[in-house]
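Here is entry.txt, consisting of compact mmCIF, N, CA and C atoms:
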# COMPACT_ATOMS: atom_id res chain seq x y z
N MET A 1 -12.19 -15.94 9.96
CA MET A 1 -10.90 -15.65 9.36
C MET A 1 -9.84 -15.80 10.43
N ALA A 2 -9.35 -16.93 10.64
CA ALA A 2 -8.24 -17.12 11.57
C ALA A 2 -6.95 -16.66 10.92
N LEU A 3 -6.11 -15.97 11.69
CA LEU A 3 -4.84 -15.54 11.15
C LEU A 3 -3.97 -16.76 10.89
N CYS A 4 -3.25 -16.73 9.81
CA CYS A 4 -2.43 -17.87 9.46
C CYS A 4 -1.05 -17.40 9.04
N LEU A 5 -0.22 -18.35 8.68
CA LEU A 5 1.15 -18.05 8.29
C LEU A 5 1.22 -17.05 7.13
N HIS A 6 0.25 -17.08 6.25
CA HIS A 6 0.27 -16.22 5.07
C HIS A 6 -0.61 -14.98 5.22
N SER A 7 -0.86 -14.58 6.44
CA SER A 7 -1.69 -13.42 6.70
C SER A 7 -1.05 -12.15 6.15
N PRO A 8 -1.85 -11.25 5.60
CA PRO A 8 -1.31 -9.96 5.15
C PRO A 8 -1.05 -9.01 6.31
N PHE A 9 -1.30 -9.47 7.54
CA PHE A 9 -1.09 -8.63 8.72
C PHE A 9 0.08 -9.15 9.53
N GLY A 10 0.84 -8.21 10.09
CA GLY A 10 2.00 -8.59 10.89
C GLY A 10 2.46 -7.42 11.72
N ALA A 11 3.72 -7.45 12.08
CA ALA A 11 4.30 -6.40 12.92
C ALA A 11 4.26 -5.05 12.20
N SER A 12 4.10 -4.02 12.98
CA SER A 12 4.11 -2.66 12.43
C SER A 12 5.54 -2.19 12.25
N ALA A 13 5.69 -1.07 11.56
CA ALA A 13 7.01 -0.47 11.38
C ALA A 13 7.54 0.01 12.73
N TRP A 14 8.83 -0.21 12.97
CA TRP A 14 9.44 0.19 14.24
C TRP A 14 9.31 1.70 14.45
N LYS A 15 9.65 2.46 13.43
CA LYS A 15 9.50 3.91 13.48
C LYS A 15 8.84 4.38 12.19
N CYS A 16 7.94 5.32 12.33
CA CYS A 16 7.29 5.93 11.17
C CYS A 16 6.84 7.32 11.62
N ALA A 17 7.57 8.33 11.19
CA ALA A 17 7.34 9.69 11.69
C ALA A 17 5.89 10.16 11.53
N PRO A 18 5.24 9.97 10.35
CA PRO A 18 3.85 10.44 10.25
C PRO A 18 2.91 9.73 11.23
N ARG A 19 3.07 8.43 11.39
CA ARG A 19 2.23 7.68 12.35
C ARG A 19 2.52 8.12 13.77
N ASP A 20 3.81 8.19 14.12
CA ASP A 20 4.19 8.54 15.48
C ASP A 20 3.72 9.94 15.85
N THR A 21 3.80 10.87 14.91
CA THR A 21 3.32 12.24 15.14
C THR A 21 1.80 12.25 15.30
N HIS A 22 1.10 11.52 14.46
CA HIS A 22 -0.37 11.46 14.54
C HIS A 22 -0.82 10.93 15.90
N ILE A 23 -0.15 9.92 16.40
CA ILE A 23 -0.50 9.34 17.70
C ILE A 23 -0.04 10.24 18.85
N GLY A 24 1.09 10.94 18.64
CA GLY A 24 1.66 11.77 19.70
C GLY A 24 2.68 11.02 20.53
N TRP A 25 3.37 10.08 19.90
CA TRP A 25 4.32 9.24 20.60
C TRP A 25 5.67 9.88 20.83
N ASP A 26 6.24 9.63 22.01
CA ASP A 26 7.66 9.83 22.24
C ASP A 26 8.29 8.44 22.14
N ASP A 27 9.61 8.36 22.18
CA ASP A 27 10.29 7.07 21.99
C ASP A 27 9.89 6.04 23.04
N LYS A 28 9.83 6.45 24.30
CA LYS A 28 9.52 5.51 25.37
C LYS A 28 8.11 4.93 25.21
N THR A 29 7.15 5.79 24.93
CA THR A 29 5.77 5.31 24.78
C THR A 29 5.64 4.44 23.54
N ARG A 30 6.30 4.82 22.45
CA ARG A 30 6.26 3.99 21.24
C ARG A 30 6.78 2.60 21.53
N ARG A 31 7.89 2.51 22.23
CA ARG A 31 8.47 1.19 22.54
C ARG A 31 7.51 0.33 23.36
N SER A 32 6.78 0.94 24.28
CA SER A 32 5.91 0.15 25.15
C SER A 32 4.54 -0.15 24.52
N ARG A 33 4.13 0.60 23.51
CA ARG A 33 2.78 0.44 22.95
C ARG A 33 2.75 -0.02 21.50
N LEU A 34 3.90 -0.14 20.87
CA LEU A 34 3.97 -0.47 19.44
C LEU A 34 3.28 -1.78 19.10
N HIS A 35 3.29 -2.73 20.01
CA HIS A 35 2.65 -4.02 19.74
C HIS A 35 1.15 -3.89 19.49
N LEU A 36 0.55 -2.77 19.86
CA LEU A 36 -0.88 -2.57 19.65
C LEU A 36 -1.21 -2.03 18.26
N VAL A 37 -0.17 -1.84 17.44
CA VAL A 37 -0.34 -1.41 16.05
C VAL A 37 0.03 -2.59 15.16
N VAL A 38 -0.84 -2.91 14.22
CA VAL A 38 -0.63 -4.03 13.30
C VAL A 38 -0.36 -3.46 11.92
N GLY A 39 0.57 -4.08 11.21
CA GLY A 39 0.90 -3.66 9.86
C GLY A 39 0.15 -4.48 8.82
N ASN A 40 -0.43 -3.81 7.85
CA ASN A 40 -1.05 -4.47 6.70
C ASN A 40 0.01 -4.48 5.60
N ALA A 41 0.63 -5.64 5.40
CA ALA A 41 1.78 -5.73 4.51
C ALA A 41 1.42 -5.74 3.04
N ARG A 42 0.26 -6.29 2.70
CA ARG A 42 -0.08 -6.37 1.28
C ARG A 42 -1.58 -6.42 1.10
N PHE A 43 -2.02 -5.78 0.03
CA PHE A 43 -3.43 -5.83 -0.38
C PHE A 43 -3.46 -5.43 -1.84
N LEU A 44 -3.83 -6.34 -2.68
CA LEU A 44 -3.85 -6.06 -4.11
C LEU A 44 -5.02 -6.77 -4.75
N ILE A 45 -5.79 -6.04 -5.52
CA ILE A 45 -6.81 -6.62 -6.37
C ILE A 45 -6.35 -6.37 -7.80
N LEU A 46 -6.16 -7.42 -8.53
CA LEU A 46 -5.64 -7.30 -9.89
C LEU A 46 -6.60 -6.51 -10.77
N PRO A 47 -6.06 -5.74 -11.72
CA PRO A 47 -6.88 -4.83 -12.52
C PRO A 47 -7.99 -5.52 -13.33
N TYR A 48 -7.80 -6.77 -13.69
CA TYR A 48 -8.82 -7.44 -14.51
C TYR A 48 -10.01 -7.92 -13.68
N ILE A 49 -9.94 -7.81 -12.37
CA ILE A 49 -11.08 -8.17 -11.52
C ILE A 49 -11.93 -6.92 -11.36
N GLN A 50 -13.10 -6.96 -11.94
CA GLN A 50 -13.99 -5.80 -11.98
C GLN A 50 -15.25 -6.07 -11.16
N VAL A 51 -15.20 -5.82 -9.86
CA VAL A 51 -16.34 -5.97 -8.96
C VAL A 51 -16.50 -4.65 -8.22
N PRO A 52 -17.64 -3.97 -8.38
CA PRO A 52 -17.83 -2.69 -7.71
C PRO A 52 -17.64 -2.78 -6.20
N ASN A 53 -16.89 -1.86 -5.65
CA ASN A 53 -16.67 -1.72 -4.21
C ASN A 53 -16.00 -2.93 -3.56
N LEU A 54 -15.39 -3.79 -4.33
CA LEU A 54 -14.79 -5.01 -3.78
C LEU A 54 -13.70 -4.68 -2.76
N ALA A 55 -12.81 -3.77 -3.07
CA ALA A 55 -11.69 -3.46 -2.19
C ALA A 55 -12.17 -2.92 -0.85
N SER A 56 -13.06 -1.95 -0.86
CA SER A 56 -13.52 -1.38 0.40
C SER A 56 -14.33 -2.39 1.20
N LYS A 57 -15.06 -3.27 0.55
CA LYS A 57 -15.81 -4.32 1.26
C LYS A 57 -14.86 -5.31 1.92
N ILE A 58 -13.82 -5.72 1.22
CA ILE A 58 -12.84 -6.65 1.80
C ILE A 58 -12.13 -6.00 2.98
N LEU A 59 -11.67 -4.76 2.80
CA LEU A 59 -10.98 -4.06 3.88
C LEU A 59 -11.89 -3.90 5.10
N ALA A 60 -13.16 -3.60 4.87
CA ALA A 60 -14.10 -3.44 5.98
C ALA A 60 -14.30 -4.76 6.72
N LYS A 61 -14.47 -5.84 5.99
CA LYS A 61 -14.68 -7.15 6.63
C LYS A 61 -13.46 -7.60 7.42
N VAL A 62 -12.30 -7.45 6.83
CA VAL A 62 -11.09 -7.94 7.49
C VAL A 62 -10.74 -7.10 8.72
N THR A 63 -10.91 -5.80 8.65
CA THR A 63 -10.60 -4.96 9.80
C THR A 63 -11.64 -5.15 10.91
N ARG A 64 -12.87 -5.48 10.55
CA ARG A 64 -13.90 -5.74 11.55
C ARG A 64 -13.56 -6.96 12.40
N ARG A 65 -12.90 -7.92 11.82
CA ARG A 65 -12.56 -9.17 12.52
C ARG A 65 -11.17 -9.16 13.14
N LEU A 66 -10.34 -8.25 12.74
CA LEU A 66 -8.92 -8.30 13.09
C LEU A 66 -8.67 -8.32 14.60
N ARG A 67 -9.33 -7.47 15.37
CA ARG A 67 -9.10 -7.42 16.82
C ARG A 67 -9.37 -8.78 17.48
N ASP A 68 -10.51 -9.36 17.18
CA ASP A 68 -10.87 -10.64 17.80
C ASP A 68 -9.94 -11.76 17.35
N ASP A 69 -9.63 -11.81 16.07
CA ASP A 69 -8.74 -12.86 15.56
C ASP A 69 -7.34 -12.72 16.15
N TRP A 70 -6.87 -11.49 16.27
CA TRP A 70 -5.54 -11.24 16.84
C TRP A 70 -5.52 -11.65 18.31
N GLN A 71 -6.61 -11.35 19.01
CA GLN A 71 -6.73 -11.73 20.42
C GLN A 71 -6.61 -13.25 20.57
N VAL A 72 -7.29 -14.00 19.74
CA VAL A 72 -7.24 -15.46 19.79
C VAL A 72 -5.83 -15.96 19.47
N ALA A 73 -5.22 -15.40 18.43
CA ALA A 73 -3.91 -15.88 17.98
C ALA A 73 -2.76 -15.46 18.88
N TYR A 74 -2.81 -14.21 19.41
CA TYR A 74 -1.64 -13.67 20.10
C TYR A 74 -1.89 -13.24 21.55
N GLY A 75 -3.14 -13.27 21.99
CA GLY A 75 -3.42 -12.97 23.38
C GLY A 75 -3.64 -11.51 23.72
N TYR A 76 -3.73 -10.65 22.74
CA TYR A 76 -4.07 -9.24 22.99
C TYR A 76 -4.73 -8.67 21.74
N ALA A 77 -5.44 -7.56 21.90
CA ALA A 77 -6.18 -6.95 20.79
C ALA A 77 -5.51 -5.65 20.36
N PRO A 78 -5.13 -5.54 19.10
CA PRO A 78 -4.56 -4.29 18.61
C PRO A 78 -5.63 -3.20 18.52
N VAL A 79 -5.18 -1.95 18.45
CA VAL A 79 -6.12 -0.83 18.38
C VAL A 79 -5.97 0.00 17.11
N LEU A 80 -4.95 -0.31 16.29
CA LEU A 80 -4.69 0.47 15.08
C LEU A 80 -4.01 -0.40 14.04
N VAL A 81 -4.35 -0.17 12.77
CA VAL A 81 -3.69 -0.85 11.66
C VAL A 81 -3.03 0.23 10.81
N GLU A 82 -1.84 -0.09 10.29
CA GLU A 82 -1.14 0.83 9.39
C GLU A 82 -0.84 0.13 8.08
N THR A 83 -0.72 0.91 7.03
CA THR A 83 -0.27 0.38 5.76
C THR A 83 0.46 1.48 5.00
N PHE A 84 1.23 1.06 4.02
CA PHE A 84 2.03 1.99 3.21
C PHE A 84 1.70 1.76 1.74
N VAL A 85 1.40 2.84 1.01
CA VAL A 85 1.04 2.74 -0.39
C VAL A 85 2.07 3.49 -1.23
N GLU A 86 2.72 2.77 -2.12
CA GLU A 86 3.75 3.37 -2.98
C GLU A 86 3.09 4.35 -3.94
N THR A 87 3.38 5.63 -3.75
CA THR A 87 2.67 6.69 -4.46
C THR A 87 2.93 6.71 -5.96
N GLY A 88 4.08 6.24 -6.39
CA GLY A 88 4.38 6.23 -7.82
C GLY A 88 3.63 5.15 -8.59
N ARG A 89 3.11 4.16 -7.87
CA ARG A 89 2.44 3.04 -8.53
C ARG A 89 0.95 2.95 -8.23
N PHE A 90 0.54 3.43 -7.06
CA PHE A 90 -0.85 3.26 -6.64
C PHE A 90 -1.38 4.56 -6.04
N ALA A 91 -2.70 4.74 -6.12
CA ALA A 91 -3.31 5.97 -5.64
C ALA A 91 -3.86 5.86 -4.21
N GLY A 92 -3.97 4.66 -3.68
CA GLY A 92 -4.54 4.50 -2.34
C GLY A 92 -6.05 4.63 -2.30
N THR A 93 -6.68 4.55 -3.46
CA THR A 93 -8.12 4.73 -3.57
C THR A 93 -8.90 3.75 -2.70
N SER A 94 -8.47 2.50 -2.67
CA SER A 94 -9.17 1.48 -1.88
C SER A 94 -9.15 1.82 -0.40
N TYR A 95 -8.02 2.26 0.09
CA TYR A 95 -7.92 2.61 1.51
C TYR A 95 -8.76 3.84 1.84
N ARG A 96 -8.71 4.84 0.98
CA ARG A 96 -9.53 6.03 1.22
C ARG A 96 -11.02 5.69 1.19
N ALA A 97 -11.42 4.82 0.25
CA ALA A 97 -12.82 4.42 0.15
C ALA A 97 -13.27 3.63 1.38
N ALA A 98 -12.33 2.97 2.04
CA ALA A 98 -12.64 2.19 3.24
C ALA A 98 -12.43 3.01 4.52
N ASN A 99 -12.28 4.32 4.38
CA ASN A 99 -12.17 5.26 5.51
C ASN A 99 -10.87 5.16 6.29
N TRP A 100 -9.79 4.73 5.65
CA TRP A 100 -8.48 4.79 6.29
C TRP A 100 -8.04 6.24 6.27
N ILE A 101 -7.21 6.63 7.22
CA ILE A 101 -6.76 8.01 7.37
C ILE A 101 -5.34 8.15 6.82
N GLN A 102 -5.17 9.03 5.84
CA GLN A 102 -3.82 9.29 5.33
C GLN A 102 -3.17 10.32 6.25
N VAL A 103 -2.01 9.93 6.84
CA VAL A 103 -1.38 10.81 7.83
C VAL A 103 -0.05 11.39 7.36
N GLY A 104 0.39 11.05 6.18
CA GLY A 104 1.64 11.61 5.69
C GLY A 104 2.33 10.69 4.71
N LYS A 105 3.62 10.98 4.49
CA LYS A 105 4.44 10.22 3.55
C LYS A 105 5.73 9.77 4.23
N THR A 106 6.23 8.62 3.78
CA THR A 106 7.53 8.18 4.27
C THR A 106 8.62 9.01 3.62
N GLN A 107 9.84 8.84 4.10
CA GLN A 107 10.97 9.56 3.53
C GLN A 107 11.70 8.75 2.46
N GLY A 108 11.27 7.51 2.23
CA GLY A 108 11.94 6.68 1.24
C GLY A 108 13.20 6.02 1.78
N ARG A 109 13.24 5.81 3.08
CA ARG A 109 14.45 5.24 3.68
C ARG A 109 14.32 3.75 3.96
N GLY A 110 13.32 3.32 4.63
CA GLY A 110 13.18 1.91 4.96
C GLY A 110 13.95 1.53 6.21
N LYS A 111 13.65 0.35 6.75
CA LYS A 111 14.23 -0.05 8.03
C LYS A 111 15.71 -0.38 7.97
N LEU A 112 16.26 -0.65 6.81
CA LEU A 112 17.66 -1.04 6.71
C LEU A 112 18.58 0.10 6.26
N ASP A 113 18.04 1.28 6.06
CA ASP A 113 18.84 2.41 5.58
C ASP A 113 19.63 3.03 6.72
N ARG A 114 20.90 2.70 6.79
CA ARG A 114 21.78 3.24 7.84
C ARG A 114 22.59 4.44 7.34
N THR A 115 22.54 4.69 6.03
CA THR A 115 23.34 5.78 5.45
C THR A 115 22.50 6.97 5.03
N HIS A 116 21.20 6.92 5.32
CA HIS A 116 20.27 8.00 4.95
C HIS A 116 20.26 8.24 3.44
N ALA A 117 20.33 7.17 2.66
CA ALA A 117 20.41 7.27 1.21
C ALA A 117 19.07 7.57 0.56
N LYS A 118 17.97 7.29 1.25
CA LYS A 118 16.62 7.50 0.69
C LYS A 118 16.49 6.83 -0.68
N ALA A 119 16.84 5.56 -0.74
CA ALA A 119 16.86 4.83 -2.00
C ALA A 119 15.54 4.12 -2.32
N LEU A 120 14.59 4.13 -1.41
CA LEU A 120 13.32 3.44 -1.62
C LEU A 120 12.25 4.42 -2.08
N PRO A 121 11.19 3.92 -2.71
CA PRO A 121 10.11 4.82 -3.13
C PRO A 121 9.41 5.45 -1.93
N VAL A 122 8.93 6.65 -2.11
CA VAL A 122 8.13 7.33 -1.08
C VAL A 122 6.76 6.66 -1.05
N LYS A 123 6.21 6.50 0.16
CA LYS A 123 4.91 5.85 0.30
C LYS A 123 4.00 6.71 1.17
N ASP A 124 2.71 6.69 0.83
CA ASP A 124 1.71 7.32 1.70
C ASP A 124 1.48 6.41 2.89
N VAL A 125 1.28 6.99 4.05
CA VAL A 125 1.02 6.24 5.28
C VAL A 125 -0.47 6.38 5.60
N TYR A 126 -1.13 5.22 5.71
CA TYR A 126 -2.55 5.18 6.04
C TYR A 126 -2.74 4.44 7.36
N LEU A 127 -3.69 4.91 8.17
CA LEU A 127 -4.01 4.28 9.44
C LEU A 127 -5.51 3.99 9.49
N TYR A 128 -5.84 2.89 10.19
CA TYR A 128 -7.25 2.57 10.41
C TYR A 128 -7.44 2.21 11.89
N PRO A 129 -8.22 3.01 12.62
CA PRO A 129 -8.47 2.73 14.03
C PRO A 129 -9.35 1.49 14.20
N LEU A 130 -8.93 0.63 15.10
CA LEU A 130 -9.72 -0.55 15.47
C LEU A 130 -10.44 -0.34 16.79
N HIS A 131 -10.15 0.77 17.44
CA HIS A 131 -10.78 1.11 18.71
C HIS A 131 -11.03 2.62 18.71
N ARG A 132 -12.17 3.02 19.21
CA ARG A 132 -12.56 4.44 19.21
C ARG A 132 -11.54 5.31 19.94
N ALA A 133 -10.96 4.81 21.03
CA ALA A 133 -10.03 5.59 21.85
C ALA A 133 -8.57 5.21 21.56
N TYR A 134 -8.26 4.89 20.32
CA TYR A 134 -6.92 4.39 19.98
C TYR A 134 -5.81 5.36 20.38
N LYS A 135 -6.00 6.65 20.19
CA LYS A 135 -4.94 7.60 20.53
C LYS A 135 -4.67 7.62 22.03
N THR A 136 -5.71 7.58 22.82
CA THR A 136 -5.56 7.55 24.27
C THR A 136 -4.86 6.26 24.71
N ILE A 137 -5.31 5.13 24.18
CA ILE A 137 -4.71 3.84 24.53
C ILE A 137 -3.24 3.81 24.14
N LEU A 138 -2.93 4.29 22.95
CA LEU A 138 -1.54 4.24 22.46
C LEU A 138 -0.64 5.27 23.14
N SER A 139 -1.22 6.31 23.68
CA SER A 139 -0.42 7.36 24.31
C SER A 139 -0.19 7.13 25.80
N THR A 140 -0.86 6.16 26.37
CA THR A 140 -0.71 5.87 27.78
C THR A 140 0.58 5.10 28.01
N GLN A 141 1.49 5.70 28.77
CA GLN A 141 2.76 5.04 29.05
C GLN A 141 2.57 3.88 30.02
N THR A 142 3.25 2.81 29.75
CA THR A 142 3.26 1.68 30.67
C THR A 142 4.72 1.33 30.95
N SER A 143 4.96 0.75 32.08
CA SER A 143 6.34 0.34 32.38
C SER A 143 6.69 -0.88 31.58
N MET A 144 7.96 -0.98 31.20
CA MET A 144 8.39 -2.11 30.37
C MET A 144 8.97 -3.20 31.22
So that I can check it, write out the structure of this file as structure tokens.
Amino acid sequence: MALCLHSPFGASAWKCAPRDTHIGWDDKTRRSRLHLVVGNARFLILPYIQVPNLASKILAKVTRRLRDDWQVAYGYAPVLVETFVETGRFAGTSYRAANWIQVGKTQGRGKLDRTHAKALPVKDVYLYPLHRAYKTILSTQTSM
């Protein structure tokens, strides 16, 4: 699975309070280590596709390969994946079944909200460690 232009994986959110709190980040450390977190932008299995355990199997396979594929494509290996599940539309069952960790909820603001309007839907924040020592790796400050 080589990463391609249409990959569901990309840059992580610049700031996400539940994720940042879970990791134990301050602003300086987040800025220097954020590249080690990958965002899962989309994952959808249409309701008419009825295959037992399909979602958790796909998530397991793709996350198992992600570090190596990212290393080949970008020259470094991420240690954590994040995703956001819109709570009003989806239950996050696939992520929970695949052992992702729910760490909190967004505030409904989004990256472009400069007026604190909270106009976007609230989303559950899920994380999946790609490395056993992800918290230690992400909490280690490096010079920029």
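The interatomic distance for the pair atom C of Val125 of chain A and atom N of Thr83 of chain A works out to 5.7 Å.
From atom CA of Ala13 of chain A back to atom CA of Arg31 of chain A, the distance works out to 11.4 Å.
A cut-off of 6.5 Å from the point (-3.9, 2.3, 6.4), with only N, CA and C atoms, picks out the residues Val81, Glu82, Thr83, Phe84, Tyr95, Trp100, Ile101, Val125, Tyr126, Leu127 and Tyr128 of chain A.
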May I have the residues within 7 Å of Arg42 of chain A as a PyMOL selection string, using all atoms listed in the file and disregarding those fewer than 6 positions away in the same chain? chain A and resi 7-9
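One finds atom N of Gly10 of chain A at 5.9 Å from atom C of Asn40 of chain A.
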